[in-house]
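Structure, as structure tokens:
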Amino acid sequence: MPVDHKEKAFESAIEHHLVTCAGYVKAEQGWFHQERALDPTQFLPFIQESQPKIWERLRKLLAERTEETLLDDLAKAMDTRGSLDVLRHGFKCYGEPVKVAYFKPATRMNPDDLALYQKNRLTVVRQLLFKPTSSQALDLTLCLNGIPVVTAELKNPMTGQDVQSAMYQYRNDRDPNDLIFQFKKRALVHFAVDPDLVYMTTRLAGKSTYFLPFNQGDGLGAGNPPAAAGKYKTSYLWEEVWQRDSLLDILGRFMHLEVTEAEVGGKKIKKETMIFPRYHQLDAVRKLESTARQEGAGANYLIMHSAGSGKSNSIAWLAHRLSNLHGENDERVFDSVIVVTDRRVLDQQLQNTIYQFEHQSGVVQKIDEDSTQLAEALKSGVPIIITTLQKFPFITDKVVDLPNRMYAVIVDEAHSSQTGEAAAELKGALAGNALKEKAKQEAEERGLADYEEEIVKAMVKRGRQPNLSFFAFTATPKYKTLETFGRKDGSGKPQPFHVYSMRQAIEEKFILDVLRYYTTYKTYFRLIKSIEDDPKLDKKKAARALARFVSFHPYNLAQKTEVMIEHFRTFTKAKIGGRAKAMVVTGSREHAVRYKQEFDKYLAEKGYHDIKALVAFSGTVELDTGDEYTEVAMNNGIRESQLPKEFAKDSYQVLIVAEKYQTGFDQPLLHTMYVDKRLDGVQAVQTLSRLNRTHAGKEDTFILDFVNEAEDIREAFKPYYEIPAIDQQVDVQQLYGLQKSLADEQIYWANEVEEFAKVFFRPKQFHSQTDHAAMHRILNGPVERFEALTEEKQEQFRSNLVAFRNLYSFMSQIIPFQDADLEKLYAFVRLLVPRLPKRGIGPAVVLEDEVALRFYRLQQTSEGSIALAAGERGTVPAPTAVGTGKDRHEQVELSRLIDVVNERFGTDFKPADQLFFEQIREEAISDTAIQQAAMVNSLENFGYVFDKALEDKFIDRMDQNQEIFARYMNDKDFQRVVADWMRRQVYDEVRAQTSEGVPARELRT
């Protein structure tokens, strides 16, 4: 007989595994009480076995009515409070507290609790007839102690149906008013399953039922990986997720009811959502918990989860589980969990979620007052503390007696600021007395003076602490984040602990692809001199002034404003059922102010009353007219804290922003973004991703970009589409190279660094009122020597100082040793940098009266999708050990610079001349700064210096071949080919000649 290929065979295979391997008992559909939508043949014996004393007391009180009364009261409790709450917290029957289920205890210290947990009855029912007078049947129903918690419809592609057919069946053939399907009251989650894919929902709503994918992911994309021999692609569902302990764990410590408020049409509407973990959330939290149990404190974990991954819930679940985590010997792994976040909404979400698990207050404390509140929470051992990173530098003196404890630190949106001084203070504060003891021991072993013991303490607290584990969440890890929190692979390069990629999130439709509809505009203009004389001006200052002149020119602002408003009215406004909103991303606070003025002016002139704009910027902006503007005043009194709520209302359609609401702002109605700002790297990804949130009726997004090239945006997104790659890792020798280079300049002396360290690191008990003055006095010498340098040398030295400061701040967390000399220099440099004279001293160049806008047009240059390919990994750059310095301020005639700008924005392109390239190449090889950069950097890091310098050299020689110059400045592909070729040629020749014995400083001199 042929093998059964029908749906029944698929159903049998699942049932067989559940009964033989997953801890279930087979139940018959005839046992199910359809009016109450539960199975009394499982519930009543469970009560008798697990709570015999309560059963006996009820029997004495109710006699033969005991069973019916219990079942009626159970049904009423679930109808009123919901089955999840009743499963967790039971109900009362004639004053007796009745437990409906037992969940696994955190430890094995109480055998009675474990015994009660084992008494739970999980049953699987096939073809359940779930309502009277109907032949409709559910393929599979899973019950806990007789209460239905999971339903599933199974489909078999070999009979012409698949997972889409199962979803159709739930939407069209299952009545949400049937008791078993009523929201919260009985079954909590419904699965649509075929051999390849799984989808799930927690609320049936007829044809509008919304299903979420519940798949493992195939590589870094959607779907499931190939099936092992003898299994289906979806076998993980019944073998792992539905397994007895797993399902009980999900019901006890994952599922929760999320309650939110939204304002629609002027009315506040409460929305309830039953949260069932998505597969990647379940997988990540469980793997983190399991690994932390094995490794204990002192490990780092990087969780790279895309926007739309449900990060808030993942953090809440992880925080709760880590706060209750016990090791193999039932000892606590962590004494407290600290959640570091800047998001205001996360604390309430955490408290609400965890209260549903435990029904007790005080588990979560938000630090919303001052550092004293944080210190008290740490001392008292609050299980979960929510705070900001900025509070830690101020608690050191307040936690001097903090006992040695183990901490889990969950970092919400990890980024490079986690590698700075505030992060070091966090480590120092939480390390407790152990840090002091370790520093003292090392100082004694080395025979160091008192102040040097403080140096050791400063060094030790930067590195990994044995009592701290970091769990860092981010969608866009930079190089520093990967190195600090990642785990080394076989090649020694850091990788995330867990990944839910942007690609998978887009393919699973948890977020929208913001690059799908991307249009770029170029501004073409010509400038002419409006005065007869031709003053000599600083080239770079004049270039910035010309750019500002065009950027703020009323005609420029007016033209772009017209494009944005007319586009919004024509295309965007009708989206999302007429509720779509737009964001205008501007380059500065002044731009935001002027755009708000232009928007209001244009809307009034046109009589458009269907669009209103809000503006967001910090502080007070003073225009050249002398008028001052604030966000609150320009928004007619709307307070800053209220702006997100006001923007969410139907009254406002456009939000104009300057450095605000470009990260962490979730407004699902945002559909369109107008970009008038240069965006690079992570900033581009974070800003444009404001559009990616899904909403009912939101099918796409749109970006109109006045500034950036499509290829540049693609390059910015590429590292975060799947997993970022690292080509070149930072080497500690780069630090030593910088240390020597700085010392060789003789701007500061070794004895000054040592003298400074003696004051800066003096133990607190020896501090005096003269310490501050002493540090200033020591720094005066280096500042005076710095001031005597030429401007070019000043900027090179300043750049190297900053490079050393940033590189040491980062690397001191990951290098496996401490170097007191580096720590002393770091402290010295940190305070020297702000003491140096500011850049650009002297009057700014103002050209408004000297140039005029002769020709202007906006031209669309690209339209369509910016495609990202599977398997194409973008690289996150490592920090460079050499600063870029500042360009020579060559004096040039204004007319020549205007020619440069005109050529850059309006010239037709012609083939290049080899002689011209050779001249630039020879000039680059002779450049001292380029020589030095080539000798101490990898080719990749050398590019950060060379590519910028190369552009300057093209500008310097633009008069010799304007066609090549214009093509280089305007054609990104052409520029990339030339720069790559030039970079390799110059790098190889400089290093080759130096290896032959020619000192770098003497090359070409």
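Order determines the names: the first chain of the structure tokens is A, the second B, and so forth; residues in each chain are numbered 1 upward, and ligands are numbered 1 upward as they are shown.
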Excluding Leu858 of chain A and its own-chain neighbours fewer than 5 positions away, which residues fall within 10 Å of it when counting only C-alpha atoms? Please give them as a ChimeraX atom specification. /A:521-525,556,559-560,563,706
Selection from above, N, CA and C atoms, as a short mmCIF file (atom, residue, chain, number, x, y, z; two decimals), in the first residue's frame, can you write it?
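Resulting contents of result-v6.cif:
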```cif
data_model
loop_
_atom_site.label_atom_id
_atom_site.label_comp_id
_atom_site.auth_asym_id
_atom_site.auth_seq_id
_atom_site.Cartn_x
_atom_site.Cartn_y
_atom_site.Cartn_z
N TYR A 521 17.17 63.96 -5.22
CA TYR A 521 17.16 65.21 -5.98
C TYR A 521 18.51 65.87 -5.86
N LYS A 522 18.95 66.50 -6.92
CA LYS A 522 20.17 67.29 -6.88
C LYS A 522 19.80 68.76 -7.03
N THR A 523 20.50 69.59 -6.29
CA THR A 523 20.33 71.03 -6.44
C THR A 523 21.43 71.55 -7.36
N TYR A 524 21.04 72.07 -8.50
CA TYR A 524 22.01 72.65 -9.42
C TYR A 524 21.90 74.17 -9.32
N PHE A 525 23.03 74.82 -9.16
CA PHE A 525 22.98 76.28 -9.08
C PHE A 525 24.29 76.86 -9.59
N ASN A 556 16.06 78.79 -2.40
CA ASN A 556 16.35 77.38 -2.18
C ASN A 556 15.33 76.77 -1.22
N GLN A 559 11.77 76.65 -2.78
CA GLN A 559 11.60 75.62 -3.80
C GLN A 559 11.45 74.24 -3.16
N LYS A 560 12.28 73.93 -2.21
CA LYS A 560 12.20 72.62 -1.57
C LYS A 560 10.91 72.49 -0.76
N VAL A 563 8.17 71.64 -3.16
CA VAL A 563 8.26 70.24 -3.58
C VAL A 563 7.70 69.32 -2.50
N PHE A 706 17.20 65.27 -0.78
CA PHE A 706 17.77 66.39 -1.51
C PHE A 706 19.30 66.42 -1.47
#
```
Counting only C-alpha atoms, what is within 12 Å of Glu96 of chain A, bar same-chain residues fewer than 6 positions away, as a list in words?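 These residues fall inside the cut-off: Gln51, Lys53, Ile54, Trp55, Glu56, Arg57, Leu58, Arg59, Leu61, Leu70, Asp73 and Gly90 of chain A.
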Please produce a file of the residues just selected, as a short mmCIF file (atom, residue, chain, number, x, y, z; two decimals), in the first residue's frame, where the atoms kept are C-alpha atoms.
```
data_model
loop_
_atom_site.label_atom_id
_atom_site.label_comp_id
_atom_site.auth_asym_id
_atom_site.auth_seq_id
_atom_site.Cartn_x
_atom_site.Cartn_y
_atom_site.Cartn_z
CA GLN A 51 -4.78 20.00 46.28
CA LYS A 53 -7.10 19.24 51.36
CA ILE A 54 -8.95 21.94 49.41
CA TRP A 55 -10.86 19.26 47.53
CA GLU A 56 -11.96 17.65 50.80
CA ARG A 57 -13.04 20.96 52.35
CA LEU A 58 -15.11 21.75 49.27
CA ARG A 59 -16.61 18.24 49.32
CA LEU A 61 -19.25 22.05 52.02
CA LEU A 70 -15.77 24.09 40.70
CA ASP A 73 -16.48 29.02 39.10
CA GLY A 90 -5.89 30.55 40.33
#
```
What does the structure give for the distance between atom CA of Leu142 of chain A and atom CA of Leu18 of chain A, in Å to one decimal?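 One can read the atom CA of Leu142 of chain A to atom CA of Leu18 of chain A distance as 9.9 Å.
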Run DSSP on the backbone of this structure and report the residues of segment 474-553 of chain A it assigns to strand (DSSP E), as a VMD selection string. chain A and resid 474 487 to 488 494 to 495 498 to 500 518 to 529 536 to 538
One decimal, Å: what's the distance from atom CA of Leu325 of chain A over to atom CA of Leu257 of chain A, could you say? 23.3 Å
I'd like the interatomic distance between atom CA of Thr41 of chain A and atom CA of Ser135 of chain A, to a tenth of an Å.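 Interatomic distance here is 21.9 Å.
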